[in-house]
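Novice: Contents of final-v4.txt (compact mmCIF, C-alpha atoms (C1' of nucleotides)) are given next:
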# COMPACT_ATOMS: atom_id res chain seq x y z
CA MET A 1 115.67 95.76 87.53
CA LYS A 2 113.60 97.34 84.83
CA GLY A 3 111.41 100.08 86.18
CA THR A 4 113.99 102.78 86.73
CA ASN A 5 111.89 105.26 84.78
CA LEU A 6 109.07 107.49 85.76
CA GLY A 7 105.48 106.71 84.96
CA GLU A 8 103.16 109.39 83.70
CA LEU A 9 101.47 110.10 87.01
CA GLU A 10 104.74 109.78 88.87
CA GLU A 11 106.07 112.61 86.78
CA LEU A 12 103.09 114.82 87.52
CA VAL A 13 103.53 114.18 91.21
CA MET A 14 107.20 115.13 90.98
CA LEU A 15 106.32 118.37 89.22
CA SER A 16 103.69 119.11 91.84
CA VAL A 17 106.20 118.61 94.61
CA GLY A 18 108.48 121.07 92.87
CA ILE A 19 105.72 123.63 92.55
CA LEU A 20 104.57 123.28 96.14
CA TYR A 21 108.15 123.53 97.32
CA ASN A 22 108.00 123.56 101.11
CA ASP A 23 104.37 122.62 101.41
CA ALA A 24 104.13 119.43 99.42
CA TYR A 25 102.18 116.68 101.13
CA GLY A 26 99.34 114.33 100.26
CA LEU A 27 96.49 116.79 100.19
CA THR A 28 98.24 119.66 98.46
CA ILE A 29 99.68 117.37 95.82
CA GLN A 30 96.25 115.96 95.14
CA LYS A 31 94.82 119.45 94.71
CA GLU A 32 97.66 120.64 92.53
CA ILE A 33 97.06 117.81 90.11
CA LYS A 34 93.35 118.34 90.16
CA ASN A 35 93.64 122.02 89.35
CA ARG A 36 96.33 121.79 86.75
CA CYS A 37 95.35 118.61 85.00
CA LYS A 38 91.61 118.56 85.61
CA ARG A 39 92.11 115.11 86.89
CA ALA A 40 90.64 113.68 90.04
CA ILE A 41 92.77 111.20 91.90
CA THR A 42 92.20 109.99 95.43
CA ILE A 43 94.49 110.53 98.33
CA SER A 44 95.26 106.81 98.29
CA THR A 45 96.61 107.15 94.83
CA VAL A 46 98.82 110.02 95.82
CA HIS A 47 100.22 108.08 98.73
CA SER A 48 100.97 105.00 96.72
CA VAL A 49 102.76 107.08 94.12
CA THR A 50 104.84 109.03 96.63
CA SER A 51 105.86 105.78 98.31
CA ARG A 52 107.11 104.41 95.04
CA LEU A 53 108.99 107.59 94.30
CA GLU A 54 110.67 107.44 97.69
CA GLU A 55 111.76 103.90 97.00
CA LYS A 56 113.20 105.02 93.71
CA GLY A 57 115.11 107.74 95.48
CA TYR A 58 113.41 110.57 93.63
CA LEU A 59 111.57 111.98 96.59
CA ARG A 60 112.63 112.52 100.19
CA ALA A 61 110.16 112.87 103.05
CA ARG A 62 110.37 114.56 106.41
CA TYR A 63 107.84 115.33 109.09
CA ASP A 64 106.56 118.81 109.56
CA GLY A 65 108.20 120.16 112.71
CA ALA A 66 106.11 123.32 112.95
CA THR A 67 103.10 123.51 115.21
CA PRO A 68 99.84 123.15 113.30
CA GLU A 69 97.40 125.98 113.96
CA ARG A 70 94.23 124.07 114.56
CA GLY A 71 94.77 120.42 115.06
CA GLY A 72 95.57 117.71 112.63
CA ARG A 73 98.17 115.06 112.36
CA ARG A 74 101.74 115.91 111.45
CA LYS A 75 102.24 116.36 107.76
CA ARG A 76 104.72 114.40 105.76
CA LEU A 77 106.43 116.90 103.55
CA PHE A 78 108.18 115.90 100.36
CA THR A 79 111.05 117.41 98.47
CA LEU A 80 112.77 116.44 95.26
CA THR A 81 116.11 114.69 95.57
CA THR A 82 119.00 115.53 93.30
CA SER A 83 118.41 112.47 91.18
CA GLY A 84 114.72 113.27 91.16
CA LYS A 85 115.36 116.70 89.71
CA ALA A 86 117.67 115.19 87.15
CA ALA A 87 115.09 112.60 86.17
CA ILE A 88 112.32 115.05 85.41
CA ALA A 89 114.69 117.46 83.68
CA LYS A 90 115.87 114.71 81.41
CA MET A 91 112.38 113.65 80.47
CA ARG A 92 111.52 117.21 79.66
CA GLU A 93 114.54 117.63 77.48
CA ILE A 94 113.90 114.47 75.53
CA ARG A 95 110.30 115.40 74.88
CA GLU A 96 111.15 118.90 73.80
CA ASP A 97 113.71 117.59 71.37
CA MET A 98 111.14 115.20 69.99
CA TRP A 99 108.56 117.92 69.58
CA ASN A 100 111.04 120.01 67.70
CA ALA A 101 111.72 117.09 65.40
CA ILE A 102 108.12 116.68 64.34
CA PRO A 103 107.58 118.13 60.86
CA LYS A 104 104.83 120.76 60.68
CA VAL A 105 102.92 118.74 58.16
CA ALA A 106 102.50 115.92 60.63
CA LEU A 107 100.56 118.21 62.93
CA SER A 108 98.39 120.08 60.48
CA ASN A 109 94.70 119.30 60.50
CA GLY A 110 93.25 116.94 57.92
CA MET B 111 86.27 103.62 81.83
CA LYS B 112 89.16 105.44 83.39
CA GLY B 113 92.26 105.12 81.26
CA THR B 114 91.59 107.75 78.67
CA ASN B 115 95.03 109.19 79.22
CA LEU B 116 98.36 108.40 77.73
CA GLY B 117 101.01 106.43 79.52
CA GLU B 118 104.63 107.46 79.48
CA LEU B 119 105.72 105.07 76.76
CA GLU B 120 102.56 105.62 74.81
CA GLU B 121 103.41 109.28 74.62
CA LEU B 122 106.90 108.57 73.34
CA VAL B 123 105.47 106.33 70.66
CA MET B 124 103.05 109.06 69.62
CA LEU B 125 105.87 111.57 69.35
CA SER B 126 107.90 109.09 67.33
CA VAL B 127 105.05 108.57 64.93
CA GLY B 128 104.87 112.32 64.48
CA ILE B 129 108.57 112.57 63.81
CA LEU B 130 108.61 109.69 61.36
CA TYR B 131 105.61 111.11 59.59
CA ASN B 132 105.04 108.87 56.57
CA ASP B 133 107.42 106.14 57.56
CA ALA B 134 106.25 105.19 61.03
CA TYR B 135 106.01 101.45 61.65
CA GLY B 136 107.31 98.96 64.18
CA LEU B 137 110.98 99.01 63.34
CA THR B 138 111.41 102.73 62.78
CA ILE B 139 109.48 103.59 65.93
CA GLN B 140 111.66 101.24 67.90
CA LYS B 141 114.81 102.87 66.55
CA GLU B 142 113.54 106.37 67.08
CA ILE B 143 112.94 105.66 70.74
CA LYS B 144 116.25 103.92 71.11
CA ASN B 145 118.17 106.81 69.61
CA ARG B 146 116.35 109.62 71.31
CA CYS B 147 115.73 108.10 74.70
CA LYS B 148 118.64 105.70 74.97
CA ARG B 149 116.10 103.11 75.81
CA ALA B 150 115.96 99.62 74.42
CA ILE B 151 112.51 98.20 73.92
CA THR B 152 111.66 95.18 71.84
CA ILE B 153 109.63 95.25 68.71
CA SER B 154 106.91 93.35 70.56
CA THR B 155 106.62 96.18 72.99
CA VAL B 156 106.20 98.69 70.21
CA HIS B 157 103.47 96.64 68.62
CA SER B 158 101.49 96.18 71.77
CA VAL B 159 101.64 99.89 72.45
CA THR B 160 100.57 100.87 68.96
CA SER B 161 97.64 98.46 69.18
CA ARG B 162 96.45 100.09 72.34
CA LEU B 163 96.83 103.52 70.85
CA GLU B 164 94.73 102.46 67.89
CA GLU B 165 92.02 101.25 70.22
CA LYS B 166 92.10 104.58 71.98
CA GLY B 167 91.68 106.31 68.67
CA TYR B 168 94.97 108.16 68.86
CA LEU B 169 96.67 106.33 66.04
CA ARG B 170 95.40 105.17 62.67
CA ALA B 171 97.06 102.39 60.68
CA ARG B 172 97.20 101.51 57.01
CA TYR B 173 99.17 98.97 55.05
CA ASP B 174 102.04 100.06 52.93
CA GLY B 175 100.88 99.78 49.34
CA ALA B 176 104.31 100.10 47.80
CA THR B 177 106.22 97.05 46.63
CA PRO B 178 108.97 96.10 49.06
CA GLU B 179 112.34 95.96 47.33
CA ARG B 180 113.88 92.97 49.01
CA GLY B 181 111.33 90.73 50.59
CA GLY B 182 109.57 91.05 53.87
CA ARG B 183 106.04 91.40 55.00
CA ARG B 184 103.97 94.50 54.29
CA LYS B 185 104.49 97.30 56.73
CA ARG B 186 101.75 98.73 58.83
CA LEU B 187 102.20 102.49 58.75
CA PHE B 188 100.85 104.71 61.47
CA THR B 189 99.70 108.29 61.55
CA LEU B 190 98.39 110.48 64.35
CA THR B 191 94.66 111.06 64.45
CA THR B 192 93.19 114.44 65.23
CA SER B 193 92.41 113.46 68.79
CA GLY B 194 95.86 111.94 69.06
CA LYS B 195 97.49 115.23 68.14
CA ALA B 196 95.27 117.02 70.61
CA ALA B 197 96.14 114.56 73.36
CA ILE B 198 99.89 114.98 73.12
CA ALA B 199 99.61 118.73 72.67
CA LYS B 200 97.58 118.99 75.84
CA MET B 201 100.02 116.95 77.85
CA ARG B 202 102.82 119.11 76.64
CA GLU B 203 101.02 122.28 77.58
CA ILE B 204 100.17 121.09 81.06
CA ARG B 205 103.74 120.05 81.75
CA GLU B 206 105.18 123.29 80.46
CA ASP B 207 102.83 125.26 82.66
CA MET B 208 103.88 123.15 85.61
CA TRP B 209 107.55 123.64 84.89
CA ASN B 210 107.03 127.37 84.77
CA ALA B 211 105.32 127.24 88.11
CA ILE B 212 108.24 125.62 89.89
CA PRO B 213 110.14 128.20 91.95
CA LYS B 214 113.84 128.41 91.13
CA VAL B 215 114.80 127.56 94.66
CA ALA B 216 113.12 124.19 94.37
CA LEU B 217 115.50 123.22 91.60
CA SER B 218 118.77 124.57 92.92
CA ASN B 219 121.32 122.05 94.08
CA GLY B 220 121.68 121.30 97.75
C1' DT C 221 110.99 75.89 49.46
C1' DC C 222 113.97 79.00 52.11
C1' DC C 223 115.08 83.59 54.04
C1' DG C 224 114.57 87.85 56.07
C1' DT C 225 111.00 91.24 57.71
C1' DT C 226 107.06 92.36 60.22
C1' DT C 227 103.13 91.51 62.69
C1' DT C 228 100.25 88.64 66.02
C1' DC C 229 99.71 85.86 70.31
C1' DG C 230 99.86 84.73 74.97
C1' DA C 231 101.90 85.82 79.33
C1' DC C 232 103.62 88.40 83.19
C1' DA C 233 105.59 92.57 85.84
C1' DA C 234 104.99 97.36 87.02
C1' DA C 235 102.19 101.46 87.42
C1' DA C 236 97.76 103.54 88.34
C1' DT C 237 93.80 103.49 90.92
C1' DC C 238 90.36 103.04 94.50
C1' DG C 239 87.78 102.12 99.18
C1' DA C 240 87.88 101.29 103.71
C1' DA C 241 89.72 101.27 108.10
C1' DA C 242 93.01 102.31 111.54
C1' DG C 243 96.52 105.45 113.73
C1' DA C 244 98.25 110.26 115.48
C1' DA C 245 98.34 114.70 117.14
C1' DA C 246 96.42 118.85 118.45
C1' DT C 247 92.41 121.31 119.94
C1' DA C 248 87.58 122.00 121.35
C1' DA C 249 83.82 120.60 124.11
C1' DA C 250 81.84 118.48 128.35
C1' DT D 251 90.38 115.78 133.00
C1' DT D 252 88.07 113.02 129.80
C1' DT D 253 85.87 112.71 125.48
C1' DA D 254 85.03 114.25 120.92
C1' DT D 255 86.33 116.41 116.71
C1' DT D 256 89.30 117.74 113.10
C1' DT D 257 92.91 117.03 109.91
C1' DC D 258 96.20 114.22 108.16
C1' DT D 259 98.95 109.90 107.55
C1' DT D 260 99.34 104.86 106.94
C1' DT D 261 98.25 100.50 105.53
C1' DC D 262 95.86 96.72 103.12
C1' DG D 263 93.84 94.42 99.70
C1' DA D 264 91.96 94.46 95.15
C1' DT D 265 91.49 95.64 90.26
C1' DT D 266 92.45 97.82 85.75
C1' DT D 267 95.95 99.81 82.62
C1' DT D 268 100.54 100.07 80.97
C1' DG D 269 104.88 98.28 79.98
C1' DT D 270 107.49 94.40 78.49
C1' DC D 271 108.87 90.01 76.45
C1' DG D 272 109.73 85.64 73.76
C1' DA D 273 108.00 82.81 70.50
C1' DA D 274 105.01 81.78 66.82
C1' DA D 275 102.76 82.89 62.60
C1' DA D 276 102.31 85.37 58.22
C1' DC D 277 104.20 87.49 54.24
C1' DG D 278 106.56 88.24 50.03
C1' DG D 279 110.37 87.81 47.25
C1' DA D 280 114.35 84.85 45.53
Take the structure in the file and give it back as structure tokens.

Specialist:
Amino acid sequence: MKGTNLGELEELVMLSVGILYNDAYGLTIQKEIKNRCKRAITISTVHSVTSRLEEKGYLRARYDGATPERGGRRKRLFTLTTSGKAAIAKMREIREDMWNAIPKVALSNG
Amino acid sequence: MKGTNLGELEELVMLSVGILYNDAYGLTIQKEIKNRCKRAITISTVHSVTSRLEEKGYLRARYDGATPERGGRRKRLFTLTTSGKAAIAKMREIREDMWNAIPKVALSNG
DNA sequence: TCCGTTTTCGACAAAATCGAAAGAAATAAA
DNA sequence: TTTATTTCTTTCGATTTTGTCGAAAACGGA
């Protein structure tokens, strides 16, 4: 049981779900990533990532109960689970600590 | 040619190289990650990641010219390239922006 | 030659990625 | 009412990149 961590894209999807709060589903997640990261991924990619995150227990899904205005299939909305929130928070903390530990000289140009 | 991005572990290795500055090589990188991330990876893993980062142009390697005190093969020291620095800085910026965009309510417990 | 350190090699699992096609559900058109 | 259209979800199969090892090879003193 190795892969208990988050991959790079998995993390971006988690952050997107957090940002979108109560409107996170395939399409909106895809757009969020496109806008913020200037990175085009297909809807298939988003779905395969969200599935994996569900399996890991980092994301929970529910069906949209509200009536859609003009047609369309029910949306599958995602929210972060408690362990999901903890996972991304921890990664952030570790990276920030590492950034702070980099000596200035290592980042100067030349 | 898709994979121009950094993977999760690749990023950690880059940060470690920055932290270690003029003493970044297999062993020290491995330890840095172990200490900071509480994550045990083998030395083989570190080497395969650094190789890939070199190919991507994010890391540059040189051999240690100094005489080793007590035996052992020459070390291969790594430093961040200009594009390498830019790559990790960009990832950091994007993630910070995303974190700031997450509404408080999405992170509260419950 | 022997020992300890470090890198290279070859292999495999997990994550990232896509395209295409098939459901669903609600509404608009016939 | 029946059919078509729209908007999304699901699923499948396939391929490239990343992540991960264990073992072998290469050094460089002692």

Novice: Between atom CA of Ala216 of chain B and atom CA of Ile19 of chain A, what is the spacing in Å?

Specialist: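 Straight-line distance from atom CA of Ile19 of chain A to atom CA of Ala216 of chain B works out to 7.6 Å.
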
Novice: Restrict the distance test to only C-alpha atoms, flag each residue of chain B within 8 Å of chain A, and return the flagged residues as a list in words.

Specialist: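 Taken together, these residues fit the definition: Leu116, Gly117, Glu118, Leu122, Leu125, Ser126, Gly128, Ile129, Leu130, Tyr131, Arg146, Cys147, Leu190, Thr192, Lys195, Ile204, Arg205, Met208, Trp209, Ala211, Ile212, Pro213, Ala216, Leu217, Asn219 and Gly220 of chain B.
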
Novice: Give me, as a short mmCIF file (atom, residue, chain, number, x, y, z; two decimals) with C-alpha atoms (C1' of nucleotides), in the coordinates of the input, the residues of chain C touching chain B, with the criterion being at most 12 Å (counting all atoms listed in the file).

Specialist:
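This is the output file out23.cif:
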data_model
loop_
_atom_site.label_atom_id
_atom_site.label_comp_id
_atom_site.auth_asym_id
_atom_site.auth_seq_id
_atom_site.Cartn_x
_atom_site.Cartn_y
_atom_site.Cartn_z
"C1'" DC C 223 115.08 83.59 54.04
"C1'" DG C 224 114.57 87.85 56.07
"C1'" DT C 225 111.00 91.24 57.71
"C1'" DT C 226 107.06 92.36 60.22
"C1'" DT C 227 103.13 91.51 62.69
"C1'" DT C 228 100.25 88.64 66.02
"C1'" DC C 229 99.71 85.86 70.31
"C1'" DG C 230 99.86 84.73 74.97
"C1'" DA C 235 102.19 101.46 87.42
"C1'" DA C 236 97.76 103.54 88.34
"C1'" DT C 237 93.80 103.49 90.92
"C1'" DC C 238 90.36 103.04 94.50
#

Novice: Pick the closest to chain B from D:DT253, D:DT260, D:DT265, D:DT270: which is it, counting all atoms listed in the file?

Specialist: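 Smallest distance to chain B is found for D:DT270.
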
Novice: The centre and edge lengths of an axis-aligned box containing all atoms of segment 266-271 of chain D present in the file, extended by 4 Å on each side, are to be given in Å to one decimal, as JSON.

Specialist:
{"center_x": 100.7, "center_y": 95.0, "center_z": 81.1, "size_x": 24.4, "size_y": 18.1, "size_z": 17.3}

Novice: Closest to chain B among D:DT268, D:DT251, D:DT256, D:DA275, using only C-alpha atoms (C1' of nucleotides)?

Specialist: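 Using only C-alpha atoms (C1' of nucleotides), chain B sits closest to D:DT268.
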